[in-house]
file work.pdb (PDB, C-alpha atoms)
ATOM      1  CA  MET A   1     -23.014  97.844 -60.263
ATOM      2  CA  GLU A   2     -19.771  97.042 -58.483
ATOM      3  CA  VAL A   3     -16.880  95.534 -60.376
ATOM      4  CA  PHE A   4     -14.043  93.706 -58.661
ATOM      5  CA  LYS A   5     -10.842  92.776 -60.376
ATOM      6  CA  VAL A   6      -8.894  89.882 -58.903
ATOM      7  CA  GLN A   7      -5.195  90.055 -59.558
ATOM      8  CA  ARG A   8      -2.367  87.688 -58.824
ATOM      9  CA  GLY A   9      -0.506  88.367 -55.625
ATOM     10  CA  LEU A  10      -3.473  88.782 -53.321
ATOM     11  CA  ALA A  11      -2.524  87.789 -49.800
ATOM     12  CA  ASN A  12      -5.872  86.154 -49.025
ATOM     13  CA  GLY A  13      -8.617  84.416 -50.911
ATOM     14  CA  THR A  14     -10.748  81.329 -50.674
ATOM     15  CA  ASN A  15      -8.764  78.125 -50.168
ATOM     16  CA  GLU A  16      -7.443  77.011 -53.572
ATOM     17  CA  GLN A  17      -8.623  73.401 -53.146
ATOM     18  CA  ASP A  18     -12.144  74.677 -52.535
ATOM     19  CA  VAL A  19     -12.027  76.969 -55.562
ATOM     20  CA  ASN A  20     -10.904  74.057 -57.756
ATOM     21  CA  ALA A  21     -13.726  71.838 -56.462
ATOM     22  CA  LEU A  22     -16.272  74.571 -57.167
ATOM     23  CA  LYS A  23     -14.899  74.860 -60.715
ATOM     24  CA  VAL A  24     -15.563  71.123 -61.149
ATOM     25  CA  LEU A  25     -19.180  71.636 -60.055
ATOM     26  CA  GLN A  26     -19.538  74.609 -62.378
ATOM     27  CA  GLY A  27     -18.105  72.568 -65.242
ATOM     28  CA  GLN A  28     -20.715  69.855 -64.680
ATOM     29  CA  TYR A  29     -23.760  72.073 -64.116
ATOM     30  CA  GLN A  30     -24.670  75.030 -66.317
ATOM     31  CA  GLN A  31     -26.905  76.368 -63.525
ATOM     32  CA  LEU A  32     -23.777  77.272 -61.511
ATOM     33  CA  GLN A  33     -21.718  78.828 -64.298
ATOM     34  CA  SER A  34     -22.889  82.421 -63.894
ATOM     35  CA  TRP A  35     -21.034  82.771 -60.575
ATOM     36  CA  ALA A  36     -17.526  84.205 -60.851
ATOM     37  CA  GLY A  37     -14.865  85.832 -58.701
ATOM     38  CA  ASP A  38     -13.870  84.716 -55.227
ATOM     39  CA  PRO A  39     -16.631  82.466 -53.867
ATOM     40  CA  CYS A  40     -16.163  83.476 -50.205
ATOM     41  CA  LEU A  41     -14.835  87.025 -50.321
ATOM     42  CA  PRO A  42     -15.546  89.720 -49.577
ATOM     43  CA  ALA A  43     -17.282  88.463 -46.438
ATOM     44  CA  GLY A  44     -21.034  88.843 -46.731
ATOM     45  CA  SER A  45     -20.886  88.547 -50.512
ATOM     46  CA  THR A  46     -20.434  84.817 -50.938
ATOM     47  CA  TRP A  47     -21.946  82.967 -53.836
ATOM     48  CA  GLU A  48     -25.646  82.411 -53.184
ATOM     49  CA  TRP A  49     -25.402  78.600 -53.090
ATOM     50  CA  LEU A  50     -22.696  78.271 -50.449
ATOM     51  CA  LYS A  51     -21.522  79.477 -47.064
ATOM     52  CA  CYS A  52     -17.952  79.924 -45.883
ATOM     53  CA  ASN A  53     -16.110  80.176 -42.602
ATOM     54  CA  THR A  54     -14.151  83.273 -41.577
ATOM     55  CA  ASP A  55     -10.639  81.789 -41.630
ATOM     56  CA  ASP A  56      -7.829  83.836 -43.180
ATOM     57  CA  LEU A  57      -8.122  81.494 -46.163
ATOM     58  CA  PRO A  58     -11.889  80.853 -46.077
ATOM     59  CA  ARG A  59     -13.224  77.336 -46.571
ATOM     60  CA  VAL A  60     -16.625  76.374 -47.933
ATOM     61  CA  THR A  61     -18.732  74.955 -45.083
ATOM     62  CA  GLU A  62     -22.148  74.659 -46.726
ATOM     63  CA  LEU A  63     -23.125  73.663 -50.238
ATOM     64  CA  ASP A  64     -26.785  74.331 -51.066
ATOM     65  CA  LEU A  65     -27.585  72.863 -54.458
ATOM     66  CA  SER A  66     -31.260  72.280 -53.651
ATOM     67  CA  GLY A  67     -33.890  72.836 -56.309
ATOM     68  CA  LEU A  68     -31.491  73.768 -59.097
ATOM     69  CA  GLY A  69     -32.690  71.095 -61.517
ATOM     70  CA  LEU A  70     -29.365  69.258 -61.436
ATOM     71  CA  SER A  71     -29.175  65.936 -63.239
ATOM     72  CA  SER A  72     -26.496  63.403 -64.121
ATOM     73  CA  PRO A  73     -24.109  61.874 -61.579
ATOM     74  CA  LEU A  74     -22.342  64.171 -59.118
ATOM     75  CA  PRO A  75     -18.760  65.083 -59.972
ATOM     76  CA  ASP A  76     -16.154  64.550 -57.265
ATOM     77  CA  PHE A  77     -15.968  67.598 -54.997
ATOM     78  CA  SER A  78     -14.302  65.763 -52.113
ATOM     79  CA  SER A  79     -11.607  68.429 -51.717
ATOM     80  CA  LEU A  80     -14.239  70.628 -50.007
ATOM     81  CA  ILE A  81     -13.139  69.024 -46.738
ATOM     82  CA  ALA A  82     -14.581  71.711 -44.446
ATOM     83  CA  LEU A  83     -18.160  70.975 -45.566
ATOM     84  CA  GLU A  84     -20.611  70.615 -42.689
ATOM     85  CA  ILE A  85     -23.850  70.724 -44.688
ATOM     86  CA  ILE A  86     -24.629  69.491 -48.199
ATOM     87  CA  ASP A  87     -28.135  69.973 -49.587
ATOM     88  CA  LEU A  88     -28.887  68.091 -52.794
ATOM     89  CA  SER A  89     -32.661  67.948 -52.377
ATOM     90  CA  ASN A  90     -35.197  68.550 -55.161
ATOM     91  CA  ASN A  91     -32.915  67.641 -58.065
ATOM     92  CA  SER A  92     -32.840  64.772 -60.569
ATOM     93  CA  LEU A  93     -29.414  63.325 -59.845
ATOM     94  CA  SER A  94     -28.693  59.952 -61.398
ATOM     95  CA  GLY A  95     -26.273  57.130 -60.820
ATOM     96  CA  GLN A  96     -25.183  55.572 -57.583
ATOM     97  CA  ILE A  97     -24.384  57.621 -54.525
ATOM     98  CA  PRO A  98     -20.703  58.517 -54.873
ATOM     99  CA  ASP A  99     -18.362  57.054 -52.253
ATOM    100  CA  PHE A 100     -16.751  60.454 -51.675
ATOM    101  CA  LEU A 101     -19.935  61.694 -49.945
ATOM    102  CA  GLY A 102     -18.943  59.521 -46.981
ATOM    103  CA  THR A 103     -15.464  61.035 -46.627
ATOM    104  CA  PHE A 104     -16.142  64.571 -45.355
ATOM    105  CA  PRO A 105     -14.660  64.741 -41.832
ATOM    106  CA  TYR A 106     -16.896  67.587 -40.562
ATOM    107  CA  LEU A 107     -20.138  66.677 -42.357
ATOM    108  CA  LYS A 108     -23.119  66.989 -40.019
ATOM    109  CA  GLU A 109     -25.950  66.982 -42.526
ATOM    110  CA  LEU A 110     -26.500  65.534 -45.994
ATOM    111  CA  LYS A 111     -29.969  66.401 -47.203
ATOM    112  CA  SER A 112     -32.036  64.187 -49.475
ATOM    113  CA  TYR A 113     -29.861  62.447 -51.994
ATOM    114  CA  GLU A 114     -31.848  59.951 -54.057
ATOM    115  CA  ALA A 115     -30.387  57.890 -56.867
ATOM    116  CA  GLN A 116     -31.055  54.393 -58.222
ATOM    117  CA  GLY A 117     -33.017  53.199 -55.224
ATOM    118  CA  TRP A 118     -30.651  54.647 -52.623
ATOM    119  CA  LEU A 119     -31.660  57.295 -50.125
ATOM    120  CA  TYR A 120     -29.539  59.307 -47.751
ATOM    121  CA  SER A 121     -31.239  61.955 -45.722
ATOM    122  CA  ALA A 122     -30.228  64.155 -42.817
ATOM    123  CA  GLY A 123     -28.838  62.056 -39.988
ATOM    124  CA  ALA A 124     -29.400  58.720 -41.750
ATOM    125  CA  LYS A 125     -26.145  56.772 -41.598
ATOM    126  CA  PRO A 126     -25.233  54.558 -43.330
ATOM    127  CA  PHE A 127     -26.908  54.929 -46.707
ATOM    128  CA  ILE A 128     -30.214  53.097 -46.821
ATOM    129  CA  HIS A 129     -31.044  50.917 -49.801
ATOM    130  CA  LEU A 130     -34.762  51.087 -50.694
TER     131      LEU A 130
END

call {"tool": "encode", "arguments": {"input": "work.pdb", "output": "structure tokens"}}
result
Amino acid sequence: MEVFKVQRGLANGTNEQDVNALKVLQGQYQQLQSWAGDPCLPAGSTWEWLKCNTDDLPRVTELDLSGLGLSSPLPDFSSLIALEIIDLSNNSLSGQIPDFLGTFPYLKELKSYEAQGWLYSAGAKPFIHL
């Protein structure tokens, strides 16, 4: 078992806005709470449910929350502005589709979000009301 200790004063680490957004997700969903430490570093050891770029201050580029049994409305994680892929498939999310999901400037793919008769799936813009 390897143990890493993160101390103040590190020159590099995952972008602070991204870390704060991930903390919001972890606060909402118990399934994500076992992950700790820097989510993107060291390279090759990112948290299982995300991918990061290789910038000096890495940004989260993919959020894979598929099949985790998530329920309740999504909390606001809009500060993850480098996201290119979000996978919310195979969960039991409730409530309306949050407006912030339409604000990610680099988003290429949003996979299977279903809530209260709304469906958004990969490449389907705008949201489709069923």

call {"tool": "closest_residue", "arguments": {"input": "work.pdb", "among": "A:Gly27, A:Glu48, A:Leu32, A:Val60", "to": "Asn15 (chain A)", "atoms": "only C-alpha atoms"}}
result
A:Val60

call {"tool": "residues_near_point", "arguments": {"input": "work.pdb", "point": "(-19.1, 56.1, -54.5)", "cutoff": "12 Å", "atoms": "only C-alpha atoms", "output": "list of chain:residue names"}}
result
A:Pro73, A:Leu74, A:Pro75, A:Asp76, A:Phe77, A:Ser78, A:Gly95, A:Gln96, A:Ile97, A:Pro98, A:Asp99, A:Phe100, A:Leu101, A:Gly102, A:Thr103, A:Ala115, A:Trp118, A:Phe127

call {"tool": "closest_residue", "arguments": {"input": "work.pdb", "among": "A:Ser66, A:Thr61, A:Asn91, A:Thr46", "to": "Lys108 (chain A)", "atoms": "all atoms listed in the file"}}
result
A:Thr61

call {"tool": "closest_residue", "arguments": {"input": "work.pdb", "among": "A:Leu93, A:Leu25, A:Leu80, A:Leu65", "to": "Tyr106 (chain A)", "atoms": "all atoms listed in the file"}}
result
A:Leu80

call {"tool": "axis_aligned_box", "arguments": {"input": "work.pdb", "around": "region 35-47 of chain A", "padding_each_side": "3 Å", "output": "lines of an AutoDock Vina configuration file"}}
result
center_x = -17.9
center_y = 86.1
center_z = -53.6
size_x = 14.1
size_y = 13.3
size_z = 20.4

call {"tool": "atom_distance", "arguments": {"input": "work.pdb", "atom1": "CA of Pro42 (chain A)", "atom2": "CA of Leu110 (chain A)"}}
result
26.8 Å

call {"tool": "residues_around", "arguments": {"input": "work.pdb", "residues": "Asn90 (chain A)", "least_positions_apart": "3", "cutoff": "8 Å", "atoms": "all atoms listed in the file", "output": "JSON, numbers by chain"}}
result
{"A": [66, 67, 68, 69, 112]}

call {"tool": "resolve_selection", "arguments": {"input": "work.pdb", "expression": "the PyMOL selection byres ((chain A and resi 35) around 9)", "output": "PyMOL selection string"}}
result
chain A and resi 26+32-34+36-37+39+47-48

call {"tool": "atom_distance", "arguments": {"input": "work.pdb", "atom1": "CA of Glu16 (chain A)", "atom2": "CA of Glu109 (chain A)"}}
result
23.8 Å

call {"tool": "residues_around", "arguments": {"input": "work.pdb", "residues": "Ala43 (chain A)", "least_positions_apart": "4", "cutoff": "12 Å", "atoms": "all atoms listed in the file", "output": "PyMOL selection string"}}
result
chain A and resi 12-14+38-39+47+51-59

call {"tool": "write_last_selection", "arguments": {"input": "work.pdb", "atoms": "C-alpha atoms", "output": "PDB file, in the coordinates of the input"}}
result
ATOM      1  CA  ASN A  12      -5.872  86.154 -49.025  1.00  0.00           C
ATOM      2  CA  GLY A  13      -8.617  84.416 -50.911  1.00  0.00           C
ATOM      3  CA  THR A  14     -10.748  81.329 -50.674  1.00  0.00           C
ATOM      4  CA  ASP A  38     -13.870  84.716 -55.227  1.00  0.00           C
ATOM      5  CA  PRO A  39     -16.631  82.466 -53.867  1.00  0.00           C
ATOM      6  CA  TRP A  47     -21.946  82.967 -53.836  1.00  0.00           C
ATOM      7  CA  LYS A  51     -21.522  79.477 -47.064  1.00  0.00           C
ATOM      8  CA  CYS A  52     -17.952  79.924 -45.883  1.00  0.00           C
ATOM      9  CA  ASN A  53     -16.110  80.176 -42.602  1.00  0.00           C
ATOM     10  CA  THR A  54     -14.151  83.273 -41.577  1.00  0.00           C
ATOM     11  CA  ASP A  55     -10.639  81.789 -41.630  1.00  0.00           C
ATOM     12  CA  ASP A  56      -7.829  83.836 -43.180  1.00  0.00           C
ATOM     13  CA  LEU A  57      -8.122  81.494 -46.163  1.00  0.00           C
ATOM     14  CA  PRO A  58     -11.889  80.853 -46.077  1.00  0.00           C
ATOM     15  CA  ARG A  59     -13.224  77.336 -46.571  1.00  0.00           C
TER      16      ARG A  59
END

call {"tool": "resolve_selection", "arguments": {"input": "work.pdb", "expression": "the PyMOL selection byres ((chain A and resi 62) around 9)", "output": "list in words"}}
result
Trp49, Leu50, Lys51, Cys52, Val60, Thr61, Leu63, Asp64, Ala82, Leu83, Glu84, Ile85, Ile86 and Asp87 of chain A

call {"tool": "decode", "arguments": {"input": "work.pdb", "residues": "region 81-120 of chain A", "atoms": "N, CA and C atoms", "output": "JSON list (two decimals), in the first residue's frame"}}
result
[["chain", "number", "residue", "atom", "x", "y", "z"],
["A", 81, "ILE", "N", -15.10, 23.62, -15.73],
["A", 81, "ILE", "CA", -15.30, 24.20, -17.06],
["A", 81, "ILE", "C", -14.52, 23.53, -18.18],
["A", 82, "ALA", "N", -13.58, 22.66, -17.86],
["A", 82, "ALA", "CA", -12.82, 21.97, -18.90],
["A", 82, "ALA", "C", -13.47, 20.64, -19.32],
["A", 83, "LEU", "N", -14.65, 20.34, -18.75],
["A", 83, "LEU", "CA", -15.30, 19.07, -19.07],
["A", 83, "LEU", "C", -15.61, 18.97, -20.56],
["A", 84, "GLU", "N", -15.27, 17.83, -21.13],
["A", 84, "GLU", "CA", -15.59, 17.50, -22.51],
["A", 84, "GLU", "C", -16.62, 16.38, -22.59],
["A", 85, "ILE", "N", -16.62, 15.51, -21.59],
["A", 85, "ILE", "CA", -17.54, 14.37, -21.55],
["A", 85, "ILE", "C", -18.13, 14.25, -20.15],
["A", 86, "ILE", "N", -19.44, 14.11, -20.09],
["A", 86, "ILE", "CA", -20.15, 13.83, -18.84],
["A", 86, "ILE", "C", -21.02, 12.61, -19.10],
["A", 87, "ASP", "N", -20.86, 11.57, -18.29],
["A", 87, "ASP", "CA", -21.68, 10.37, -18.43],
["A", 87, "ASP", "C", -22.48, 10.17, -17.16],
["A", 88, "LEU", "N", -23.79, 10.34, -17.28],
["A", 88, "LEU", "CA", -24.71, 10.20, -16.15],
["A", 88, "LEU", "C", -25.64, 9.00, -16.34],
["A", 89, "SER", "N", -25.34, 8.15, -17.29],
["A", 89, "SER", "CA", -26.23, 7.05, -17.64],
["A", 89, "SER", "C", -26.36, 6.03, -16.51],
["A", 90, "ASN", "N", -27.49, 5.30, -16.56],
["A", 90, "ASN", "CA", -27.76, 4.20, -15.63],
["A", 90, "ASN", "C", -27.75, 4.63, -14.17],
["A", 91, "ASN", "N", -28.41, 5.74, -13.89],
["A", 91, "ASN", "CA", -28.62, 6.23, -12.53],
["A", 91, "ASN", "C", -30.11, 6.51, -12.37],
["A", 92, "SER", "N", -30.49, 7.01, -11.20],
["A", 92, "SER", "CA", -31.89, 7.34, -10.93],
["A", 92, "SER", "C", -31.99, 8.80, -10.51],
["A", 93, "LEU", "N", -31.42, 9.67, -11.31],
["A", 93, "LEU", "CA", -31.44, 11.10, -11.00],
["A", 93, "LEU", "C", -32.86, 11.63, -11.09],
["A", 94, "SER", "N", -33.18, 12.59, -10.24],
["A", 94, "SER", "CA", -34.53, 13.14, -10.22],
["A", 94, "SER", "C", -34.47, 14.65, -10.41],
["A", 95, "GLY", "N", -35.62, 15.23, -10.60],
["A", 95, "GLY", "CA", -35.70, 16.67, -10.79],
["A", 95, "GLY", "C", -35.51, 17.04, -12.24],
["A", 96, "GLN", "N", -35.59, 18.32, -12.50],
["A", 96, "GLN", "CA", -35.40, 18.79, -13.87],
["A", 96, "GLN", "C", -33.92, 18.82, -14.22],
["A", 97, "ILE", "N", -33.64, 18.81, -15.51],
["A", 97, "ILE", "CA", -32.26, 18.91, -15.95],
["A", 97, "ILE", "C", -31.73, 20.28, -15.55],
["A", 98, "PRO", "N", -30.65, 20.33, -14.81],
["A", 98, "PRO", "CA", -30.12, 21.62, -14.36],
["A", 98, "PRO", "C", -29.63, 22.48, -15.53],
["A", 99, "ASP", "N", -29.90, 23.77, -15.45],
["A", 99, "ASP", "CA", -29.45, 24.70, -16.49],
["A", 99, "ASP", "C", -27.94, 24.68, -16.67],
["A", 100, "PHE", "N", -27.19, 24.46, -15.59],
["A", 100, "PHE", "CA", -25.73, 24.54, -15.70],
["A", 100, "PHE", "C", -25.17, 23.51, -16.67],
["A", 101, "LEU", "N", -25.90, 22.41, -16.95],
["A", 101, "LEU", "CA", -25.38, 21.41, -17.89],
["A", 101, "LEU", "C", -25.23, 21.97, -19.30],
["A", 102, "GLY", "N", -25.88, 23.09, -19.59],
["A", 102, "GLY", "CA", -25.74, 23.71, -20.90],
["A", 102, "GLY", "C", -24.68, 24.79, -20.96],
["A", 103, "THR", "N", -23.87, 24.93, -19.91],
["A", 103, "THR", "CA", -22.92, 26.04, -19.86],
["A", 103, "THR", "C", -21.46, 25.64, -20.05],
["A", 104, "PHE", "N", -21.16, 24.37, -20.21],
["A", 104, "PHE", "CA", -19.77, 23.93, -20.33],
["A", 104, "PHE", "C", -19.24, 24.25, -21.72],
["A", 105, "PRO", "N", -18.22, 25.12, -21.81],
["A", 105, "PRO", "CA", -17.77, 25.59, -23.12],
["A", 105, "PRO", "C", -17.11, 24.53, -24.01],
["A", 106, "TYR", "N", -16.56, 23.47, -23.42],
["A", 106, "TYR", "CA", -15.84, 22.46, -24.20],
["A", 106, "TYR", "C", -16.60, 21.13, -24.28],
["A", 107, "LEU", "N", -17.82, 21.09, -23.75],
["A", 107, "LEU", "CA", -18.58, 19.85, -23.69],
["A", 107, "LEU", "C", -18.88, 19.32, -25.09],
["A", 108, "LYS", "N", -18.46, 18.08, -25.34],
["A", 108, "LYS", "CA", -18.71, 17.42, -26.62],
["A", 108, "LYS", "C", -19.76, 16.33, -26.48],
["A", 109, "GLU", "N", -19.89, 15.78, -25.28],
["A", 109, "GLU", "CA", -20.77, 14.64, -25.10],
["A", 109, "GLU", "C", -21.38, 14.63, -23.71],
["A", 110, "LEU", "N", -22.70, 14.58, -23.65],
["A", 110, "LEU", "CA", -23.45, 14.40, -22.42],
["A", 110, "LEU", "C", -24.26, 13.14, -22.61],
["A", 111, "LYS", "N", -23.97, 12.12, -21.84],
["A", 111, "LYS", "CA", -24.58, 10.81, -22.06],
["A", 111, "LYS", "C", -25.76, 10.58, -21.14],
["A", 112, "SER", "N", -26.89, 10.32, -21.75],
["A", 112, "SER", "CA", -28.09, 9.79, -21.11],
["A", 112, "SER", "C", -28.46, 10.39, -19.77],
["A", 113, "TYR", "N", -28.98, 11.58, -19.80],
["A", 113, "TYR", "CA", -29.56, 12.17, -18.61],
["A", 113, "TYR", "C", -31.07, 12.12, -18.77],
["A", 114, "GLU", "N", -31.75, 11.46, -17.85],
["A", 114, "GLU", "CA", -33.21, 11.38, -17.90],
["A", 114, "GLU", "C", -33.76, 11.85, -16.56],
["A", 115, "ALA", "N", -34.70, 12.77, -16.63],
["A", 115, "ALA", "CA", -35.34, 13.26, -15.41],
["A", 115, "ALA", "C", -36.66, 13.93, -15.77],
["A", 116, "GLN", "N", -37.70, 13.59, -15.08],
["A", 116, "GLN", "CA", -39.03, 14.19, -15.24],
["A", 116, "GLN", "C", -39.42, 14.40, -16.69],
["A", 117, "GLY", "N", -39.31, 13.36, -17.50],
["A", 117, "GLY", "CA", -39.77, 13.46, -18.87],
["A", 117, "GLY", "C", -38.83, 14.16, -19.82],
["A", 118, "TRP", "N", -37.64, 14.50, -19.38],
["A", 118, "TRP", "CA", -36.65, 15.16, -20.24],
["A", 118, "TRP", "C", -35.57, 14.16, -20.57],
["A", 119, "LEU", "N", -35.04, 14.23, -21.76],
["A", 119, "LEU", "CA", -33.95, 13.34, -22.16],
["A", 119, "LEU", "C", -32.91, 14.14, -22.90],
["A", 120, "TYR", "N", -31.68, 13.96, -22.50],
["A", 120, "TYR", "CA", -30.55, 14.52, -23.24],
["A", 120, "TYR", "C", -29.58, 13.38, -23.43]]
